[in-house]
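What follows is the content of run-v3.cif, which has mmCIF, C-alpha atoms:
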data_query
loop_
_atom_site.label_atom_id
_atom_site.label_comp_id
_atom_site.auth_asym_id
_atom_site.auth_seq_id
_atom_site.Cartn_x
_atom_site.Cartn_y
_atom_site.Cartn_z
CA MET A 1 -8.16 26.26 -4.46
CA TRP A 2 -8.90 22.54 -4.54
CA THR A 3 -12.59 21.65 -4.67
CA VAL A 4 -12.16 17.91 -4.04
CA LYS A 5 -9.35 15.89 -2.45
CA ASP A 6 -8.74 12.16 -2.00
CA VAL A 7 -7.82 11.43 1.62
CA TYR A 8 -6.42 8.21 3.12
CA TYR A 9 -6.07 7.37 6.82
CA VAL A 10 -3.23 4.86 7.15
CA SER A 11 -2.26 3.07 10.35
CA ASP A 12 -0.47 0.00 11.70
CA SER A 13 -3.57 -0.54 13.85
CA THR A 14 -7.29 0.02 13.18
CA ALA A 15 -6.88 3.56 11.72
CA LEU A 16 -9.83 4.76 13.79
CA LEU A 17 -7.71 7.27 15.73
CA THR A 18 -5.92 8.33 12.56
CA GLU A 19 -9.27 9.05 10.94
CA ASP A 20 -10.50 11.02 13.95
CA ILE A 21 -7.40 13.22 14.00
CA GLY A 22 -7.37 13.73 10.25
CA LYS A 23 -11.06 14.64 10.15
CA SER A 24 -10.68 17.05 13.07
CA LEU A 25 -8.14 18.93 10.94
CA LEU A 26 -9.85 18.69 7.57
CA CYS A 27 -13.20 19.90 8.90
CA GLN A 28 -11.55 23.33 9.09
CA PHE A 29 -11.86 23.38 5.27
CA PRO A 30 -15.63 22.97 4.76
CA ALA A 31 -15.60 24.23 1.16
CA ILE A 32 -13.44 21.30 -0.01
CA GLY A 33 -15.08 17.95 -0.76
CA LEU A 34 -13.32 14.83 0.48
CA ASN A 35 -13.14 11.27 -0.84
CA GLU A 36 -12.02 9.36 2.26
CA GLU A 37 -10.77 5.84 2.93
CA LYS A 38 -9.16 4.01 5.86
CA ILE A 39 -6.23 1.65 5.26
CA PRO A 40 -5.60 -0.19 8.56
CA PHE A 41 -3.03 -2.78 9.69
CA VAL A 42 -0.10 -1.55 7.58
CA LYS A 43 2.65 -3.23 9.58
CA THR A 44 5.36 -4.11 7.04
CA ARG A 45 7.03 -2.49 4.04
CA TYR A 46 5.14 -4.95 1.84
CA ASP A 47 1.84 -3.76 3.37
CA ALA A 48 2.90 -0.15 2.81
CA GLU A 49 3.93 -0.71 -0.80
CA LYS A 50 0.63 -2.47 -1.46
CA ALA A 51 -1.24 0.46 0.12
CA VAL A 52 0.71 2.99 -1.97
CA ALA A 53 -0.09 1.05 -5.14
CA HIS A 54 -3.78 1.16 -4.23
CA ILE A 55 -3.64 4.87 -3.48
CA MET A 56 -1.89 5.66 -6.75
CA GLU A 57 -4.35 3.54 -8.73
CA GLN A 58 -7.30 5.28 -7.10
CA SER A 59 -5.96 8.85 -7.14
CA GLY A 60 -3.49 8.95 -10.02
CA GLY A 61 -1.42 12.12 -9.95
CA LEU A 62 -3.94 14.24 -8.06
CA GLN A 63 -1.76 14.60 -4.95
CA PRO A 64 -3.88 12.60 -2.45
CA LEU A 65 -3.53 13.40 1.25
CA VAL A 66 -2.30 10.55 3.46
CA PHE A 67 -2.61 10.86 7.23
CA CYS A 68 -0.26 8.32 8.76
CA THR A 69 0.14 6.88 12.26
CA ILE A 70 2.72 4.15 11.74
CA ILE A 71 5.33 3.70 14.45
CA ASP A 72 7.93 1.98 12.26
CA SER A 73 9.71 4.84 10.49
CA ASP A 74 10.89 2.60 7.63
CA VAL A 75 7.33 1.51 6.90
CA CYS A 76 6.02 5.07 7.23
CA ALA A 77 8.69 6.33 4.85
CA VAL A 78 7.20 4.30 2.00
CA PHE A 79 4.39 6.88 1.82
CA ASP A 80 6.81 9.81 1.65
CA ARG A 81 6.94 10.35 -2.11
CA ALA A 82 6.38 13.21 -4.50
CA GLU A 83 3.03 11.94 -5.78
CA ILE A 84 1.51 11.89 -2.26
CA GLU A 85 1.11 14.57 0.37
CA MET A 86 1.90 12.58 3.51
CA PHE A 87 1.18 13.89 7.03
CA ASP A 88 2.63 12.05 10.00
CA LEU A 89 0.21 13.78 12.39
CA TYR A 90 2.74 15.89 14.23
CA GLY A 91 2.74 19.66 14.86
CA GLY A 92 2.02 22.38 12.36
CA LEU A 93 -0.44 20.42 10.23
CA LEU A 94 -2.98 23.16 9.77
CA ASP A 95 -0.27 25.51 8.43
CA ARG A 96 0.84 22.88 5.95
CA LEU A 97 -2.73 22.04 4.94
CA GLU A 98 -3.38 25.70 4.21
CA ARG A 99 -0.44 25.72 1.80
CA LYS A 100 -1.31 22.44 0.09
CA LEU A 101 -5.06 23.12 -0.24
CA GLU A 102 -4.48 26.80 -1.14
CA ALA A 103 -7.14 27.85 1.38
CA GLU A 104 -7.33 29.38 4.83
CA ALA A 105 -8.38 27.15 7.73
CA LEU A 106 -11.31 28.27 9.83
CA ARG A 107 -9.26 27.71 12.99
CA GLN A 108 -12.48 27.41 14.92
CA PRO A 109 -12.10 25.33 18.11
CA GLY A 110 -14.52 22.42 18.38
CA PHE A 111 -15.92 22.92 14.86
CA PHE A 112 -15.78 19.21 14.05
CA ARG A 113 -17.71 18.35 17.22
CA ASN A 114 -20.28 21.10 16.66
CA ARG A 115 -20.77 20.23 13.00
CA ASP A 116 -21.55 16.60 13.87
CA ASP A 117 -24.20 17.10 16.55
CA ALA A 118 -26.45 14.41 15.04
CA LYS A 119 -23.78 11.74 15.46
CA PRO A 120 -24.43 10.98 19.16
CA ASP A 121 -28.14 10.41 18.45
CA LYS A 122 -27.33 7.99 15.64
CA ARG A 123 -24.86 6.17 17.86
CA VAL A 124 -27.37 5.84 20.70
CA GLU A 125 -29.88 4.46 18.21
CA ALA A 126 -27.29 1.96 17.01
CA ILE A 127 -26.50 0.88 20.57
CA HIS A 128 -30.19 0.36 21.39
CA TYR A 129 -30.67 -1.67 18.23
CA THR A 130 -27.64 -3.83 18.94
CA ILE A 131 -28.72 -4.59 22.50
CA GLU A 132 -32.23 -5.49 21.35
CA HIS A 133 -30.88 -7.81 18.65
CA ASP A 134 -28.13 -9.52 20.64
CA ASP A 135 -27.76 -13.31 20.72
CA GLY A 136 -30.47 -14.10 18.17
CA GLN A 137 -33.19 -11.87 19.61
CA ARG A 138 -35.82 -10.39 17.30
CA THR A 139 -34.54 -11.76 14.00
CA GLY A 140 -37.55 -10.16 12.34
CA GLY A 141 -35.76 -6.82 12.75
CA TYR A 142 -32.71 -7.88 10.75
CA ASP A 143 -33.87 -5.94 7.70
CA ARG A 144 -32.95 -2.78 9.64
CA ALA A 145 -29.49 -4.08 10.57
CA GLU A 146 -26.40 -2.66 8.89
CA ILE A 147 -24.28 -5.62 9.95
CA ILE A 148 -25.27 -9.14 11.03
CA LEU A 149 -22.70 -11.39 12.69
CA VAL A 150 -23.23 -15.14 12.85
CA GLY A 151 -21.09 -17.87 14.35
CA VAL A 152 -20.96 -20.77 16.76
CA SER A 153 -20.85 -20.12 20.49
CA ARG A 154 -17.73 -18.34 21.87
CA THR A 155 -16.51 -16.79 18.61
CA GLY A 156 -16.91 -13.20 19.87
CA LYS A 157 -20.18 -12.16 18.25
CA THR A 158 -21.50 -10.00 21.10
CA PRO A 159 -18.34 -8.00 21.93
CA VAL A 160 -17.68 -7.25 18.26
CA SER A 161 -21.32 -6.20 17.75
CA VAL A 162 -21.16 -3.90 20.76
CA TYR A 163 -17.92 -2.32 19.51
CA LEU A 164 -19.44 -1.76 16.06
CA ALA A 165 -22.32 0.08 17.70
CA THR A 166 -20.55 2.05 20.44
CA HIS A 167 -17.40 3.06 18.54
CA MET A 168 -18.47 3.02 14.90
CA GLY A 169 -22.20 3.75 15.06
CA PHE A 170 -23.43 0.68 13.16
CA LYS A 171 -26.64 -1.20 13.92
CA ALA A 172 -25.17 -4.66 14.46
CA ALA A 173 -27.22 -7.79 15.15
CA ASN A 174 -25.69 -11.14 16.04
CA PHE A 175 -27.02 -14.67 15.83
CA PRO A 176 -25.68 -17.83 17.54
CA MET A 177 -25.53 -20.92 15.35
CA THR A 178 -26.85 -23.58 17.70
CA ALA A 179 -26.73 -27.35 17.31
CA ASP A 180 -30.30 -27.29 15.94
CA HIS A 181 -29.43 -24.98 13.05
CA LEU A 182 -26.15 -26.74 12.36
CA ALA A 183 -27.65 -30.22 12.36
CA ALA A 184 -30.54 -29.10 10.16
CA TYR A 185 -28.04 -27.42 7.82
CA GLU A 186 -30.10 -24.24 7.65
CA LEU A 187 -30.16 -20.61 8.73
CA PRO A 188 -33.21 -18.49 9.58
CA ALA A 189 -34.86 -16.88 6.56
CA ASP A 190 -34.23 -13.44 8.11
CA ILE A 191 -30.47 -14.05 7.81
CA VAL A 192 -30.56 -15.67 4.38
CA ARG A 193 -32.56 -12.71 3.06
CA ASN A 194 -29.91 -10.33 4.45
CA ARG A 195 -26.84 -12.44 3.68
CA LYS A 196 -25.13 -9.61 1.77
CA LYS A 197 -24.71 -7.71 5.04
CA THR A 198 -23.92 -10.83 7.06
CA VAL A 199 -20.44 -11.93 8.15
CA GLY A 200 -19.67 -15.37 9.49
CA LEU A 201 -17.11 -15.56 12.30
CA THR A 202 -14.77 -18.53 11.99
CA ILE A 203 -12.26 -20.13 14.33
CA SER A 204 -10.14 -23.27 14.43
CA PRO A 205 -11.54 -26.21 16.42
CA GLN A 206 -8.42 -26.26 18.60
CA PHE A 207 -8.67 -22.60 19.53
CA LEU A 208 -12.41 -22.86 20.19
CA HIS A 209 -11.76 -25.92 22.36
CA ARG A 210 -9.30 -23.95 24.52
CA ILE A 211 -11.75 -21.06 24.94
CA ARG A 212 -14.64 -23.32 25.94
CA GLU A 213 -12.51 -25.38 28.29
CA GLU A 214 -11.71 -22.26 30.31
CA ARG A 215 -15.35 -21.92 31.38
CA TYR A 216 -16.85 -25.37 30.85
CA LYS A 217 -13.96 -27.73 31.51
CA GLY A 218 -14.67 -31.36 30.69
CA SER A 219 -18.12 -30.69 29.20
CA THR A 220 -19.45 -32.16 25.97
CA TYR A 221 -19.83 -28.56 24.77
CA ALA A 222 -16.08 -27.98 25.18
CA ARG A 223 -14.85 -31.27 23.70
CA LEU A 224 -12.55 -30.98 20.71
CA ALA A 225 -14.79 -33.34 18.73
CA THR A 226 -17.78 -31.06 19.33
CA CYS A 227 -15.78 -28.01 18.28
CA ARG A 228 -14.64 -29.75 15.11
CA THR A 229 -18.18 -30.71 14.15
CA GLU A 230 -19.64 -27.26 14.84
CA THR A 231 -16.94 -25.28 13.03
CA ARG A 232 -17.14 -27.59 10.01
CA GLN A 233 -20.94 -27.35 9.82
CA ALA A 234 -20.83 -23.57 10.22
CA GLU A 235 -18.32 -23.16 7.40
CA GLN A 236 -20.45 -25.37 5.16
CA LEU A 237 -23.44 -23.10 5.85
CA TYR A 238 -21.39 -20.00 5.04
CA MET A 239 -20.38 -21.52 1.72
CA ARG A 240 -23.91 -22.64 0.93
CA HIS A 241 -25.34 -19.15 1.34
CA GLY A 242 -22.35 -17.18 0.04
CA ILE A 243 -21.69 -15.53 3.41
CA LYS A 244 -18.33 -13.77 3.75
CA THR A 245 -16.17 -14.80 6.70
CA VAL A 246 -13.63 -13.38 9.13
CA ASN A 247 -11.36 -15.55 11.27
CA THR A 248 -11.43 -14.37 14.89
CA GLU A 249 -8.51 -16.37 16.19
CA GLY A 250 -6.08 -14.29 18.27
CA LYS A 251 -7.48 -10.95 17.08
CA SER A 252 -8.63 -7.98 19.13
CA ILE A 253 -12.24 -6.78 19.10
CA GLU A 254 -11.12 -3.53 17.44
CA GLU A 255 -9.29 -5.38 14.67
CA LEU A 256 -12.26 -7.66 14.01
CA ALA A 257 -14.69 -4.73 13.84
CA VAL A 258 -12.58 -2.97 11.21
CA GLN A 259 -12.15 -6.17 9.18
CA VAL A 260 -15.91 -6.76 9.23
CA THR A 261 -16.68 -3.28 7.89
CA GLN A 262 -13.99 -3.61 5.23
CA LEU A 263 -15.31 -6.98 4.14
CA LEU A 264 -18.80 -5.54 3.70
CA GLY A 265 -17.45 -2.47 1.91
CA ILE A 266 -18.80 0.00 4.45
CA SER A 267 -15.51 1.22 5.96
CA LYS A 268 -15.93 4.53 4.10
CA LYS A 269 -19.49 5.10 5.28
CA LYS A 270 -19.99 8.53 6.84
CA ARG A 271 -21.43 8.15 10.34
#
Please lay out the structure from this file as structure tokens.
Amino acid sequence: MWTVKDVYYVSDSTALLTEDIGKSLLCQFPAIGLNEEKIPFVKTRYDAEKAVAHIMEQSGGLQPLVFCTIIDSDVCAVFDRAEIEMFDLYGGLLDRLERKLEAEALRQPGFFRNRDDAKPDKRVEAIHYTIEHDDGQRTGGYDRAEIILVGVSRTGKTPVSVYLATHMGFKAANFPMTADHLAAYELPADIVRNRKKTVGLTISPQFLHRIREERYKGSTYARLATCRTETRQAEQLYMRHGIKTVNTEGKSIEELAVQVTQLLGISKKKR
């Protein structure tokens, strides 16, 4: 019987659902330790081949398990090779897992949910924290944050923070970079001190201009010149303090949340 297995959740989207399904199956094998990782946004054969190379480098010939939810059959097929045990999340998975892991599944309904009773409490705590630290409130509490998002107005800080808390269980604070901070070329000490868990949200001036114009048409706030100045100053601050960045342009909240956690190296954190 295997004592430890490497497991990868691969998807052409965020891989959150893939992970949930895979974990709901694997929890039936509590005696086997798991090294888990999500690989989201695998949309092309190139993405898939890159993911396979990463998996093989990490796991060698130890027959890693790959749970896959990729719609494109050609892309999904890249993972179907002898060195990998690939599951496309269709019927009969527990039977196959029993064979591959050389162990009997518990086959206990709801075991995953029952085993993780503490998770809702942690998620509620994360939601409360995120609400209390929204839009620059209580920066003195940033030492307790797991993720801090910063960016100019209308870059999506609040919705991404809320998603990180409600769907992923992270304590996420967010801080708006106002004209005062940008002009002074400085960030609050509470952010600078926690810059390793801070992500700067970026956007092109043109895209930001379109977003602002929808709500504040003709205002100085929405002018393209204002957007250019603010985005340039924000990016200079990110570079000055070594803050990692994610471009928000045209991306969904779910996609941004996953990219933020990957950038900070916490996508494998057990919640």
(request) Using the chain letters and numbers from the file, give me the residues hit by the PyMOL selection byres ((chain A and resi 66) around 10), as a list in words. (result) Asp6, Val7, Tyr8, Tyr9, Val10, Gly22, Glu36, Glu37, Lys38, Ile39, Val52, Ile55, Gln63, Pro64, Leu65, Phe67, Cys68, Thr69, Phe79, Asp80, Ile84, Glu85, Met86, Phe87, Asp88 and Leu89 of chain A
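Closest to Ala48 (chain A) among A:Val162, A:Val78, A:Leu237, A:Val124 is A:Val78, based on all atoms listed in the file.
When the PyMOL selection byres ((chain A and resi 126) around 10) is evaluated on the file shown here, the picked residues come out as Pro120, Asp121, Lys122, Arg123, Val124, Glu125, Ile127, His128, Tyr129, Thr130, Ile131, Glu132, Ala145, Glu146, Val162, Leu164, Ala165, Thr166, Met168, Gly169, Phe170, Lys171, Ala172 and Ala173 of chain A.
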(request) Dig up all the protein and nucleic acid residues within 9 Å of (0.8, 5.2, 15.3) in the file frame, using only C-alpha atoms, and format them as a list in words. (result)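 Residues with an atom close enough to that point: Ser11, Asp12, Ser13, Ala15, Leu17, Thr18, Cys68, Thr69, Ile70, Ile71, Asp72 and Asp88 of chain A.
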(request) Determine the nearest neighbour of Lys157 (chain A) from the options A:Thr220, A:Asn247, A:Thr3, A:Ser59, counting all atoms listed in the file. (result)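 Nearest candidate to Lys157 (chain A) out of A:Thr220, A:Asn247, A:Thr3, A:Ser59: A:Asn247.
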(request) Check the smallest atom-to-atom distance from each of A:Glu230, A:Asp180, A:Glu254, A:Glu98 to Leu26 (chain A) using all atoms listed in the file, then report the winner. (result) A:Glu98
(message) Restricting the calculation to all atoms listed in the file: of A:Gly33, A:Gly151, A:Pro40, A:Gly218, which residue gets closest to Leu187 (chain A)?
(response)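 When distances to Leu187 (chain A) are compared using all atoms listed in the file, the smallest one comes from A:Gly151.
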(request) Any chance you could resolve the PyMOL selection byres ((chain A and resi 190) around 9) against this file and give the residues as a list in words? (result) Thr139, Gly140, Gly141, Tyr142, Asp143, Leu187, Pro188, Ala189, Ile191, Val192, Arg193, Asn194 and Arg195 of chain A
Keeping C-alpha atoms, export the residues of the selection given above as a compact mmCIF listing (two decimals), in the frame of the given file.
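What follows is the written file out-v8.txt:
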# COMPACT_ATOMS: atom_id res chain seq x y z
CA THR A 139 -34.54 -11.76 14.00
CA GLY A 140 -37.55 -10.16 12.34
CA GLY A 141 -35.76 -6.82 12.75
CA TYR A 142 -32.71 -7.88 10.75
CA ASP A 143 -33.87 -5.94 7.70
CA LEU A 187 -30.16 -20.61 8.73
CA PRO A 188 -33.21 -18.49 9.58
CA ALA A 189 -34.86 -16.88 6.56
CA ILE A 191 -30.47 -14.05 7.81
CA VAL A 192 -30.56 -15.67 4.38
CA ARG A 193 -32.56 -12.71 3.06
CA ASN A 194 -29.91 -10.33 4.45
CA ARG A 195 -26.84 -12.44 3.68
(request) Please provide the set of residues having any atom within 8 Å of Ala257 (chain A), restricted to all atoms listed in the file, with same-chain residues fewer than 6 positions apart removed, written as a list in words. (result)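 Within the cut-off, the hits are Val160, Ser161, Tyr163 and Leu164 of chain A.
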(message) Quick check, in Å to one decimal: how far apart do CA of Tyr46 (chain A) and CA of Leu264 (chain A) lie?
(response) 24.0 Å
(request) Considering all atoms listed in the file, state which residue in the set A:Ala103, A:Leu263, A:Val150, A:Cys76 is at the smallest distance from Met1 (chain A). (result)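 The closest residue to Met1 (chain A) is A:Ala103.
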(request) Give the answer as one residue: which of A:Leu34, A:Ile211, A:Leu16, A:Val199 has the shortest atom-to-atom distance to Gly250 (chain A), using all atoms listed in the file? (result)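 Residue with the minimum atom-to-atom distance to Gly250 (chain A): A:Ile211.
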(message) List the spatial neighbours of Gly136 (chain A) as a count of residues only - criterion: any atom at most 8 Å away, all atoms listed in the file, same-chain residues fewer than 5 positions off excluded.
(response) 4
(request) For CA of Thr155 (chain A) and CA of Ile253 (chain A), determine how far apart the two atoms are, in Å to one decimal place. (result) 10.9 Å
(request) Tell me, as a PyMOL selection string, which residues lie within 10 Å of His209 (chain A), counting only C-alpha atoms; anything in the same chain fewer than 3 positions away does not count. (result) chain A and resi 154+203-206+212-214+216-217+221-228
(message) Could you tell me how far CA of Ile148 (chain A) sits from CA of Ser219 (chain A), in Å to one decimal place?
(response)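 Taking CA of Ser219 (chain A) and CA of Ile148 (chain A), their separation equals 29.1 Å.
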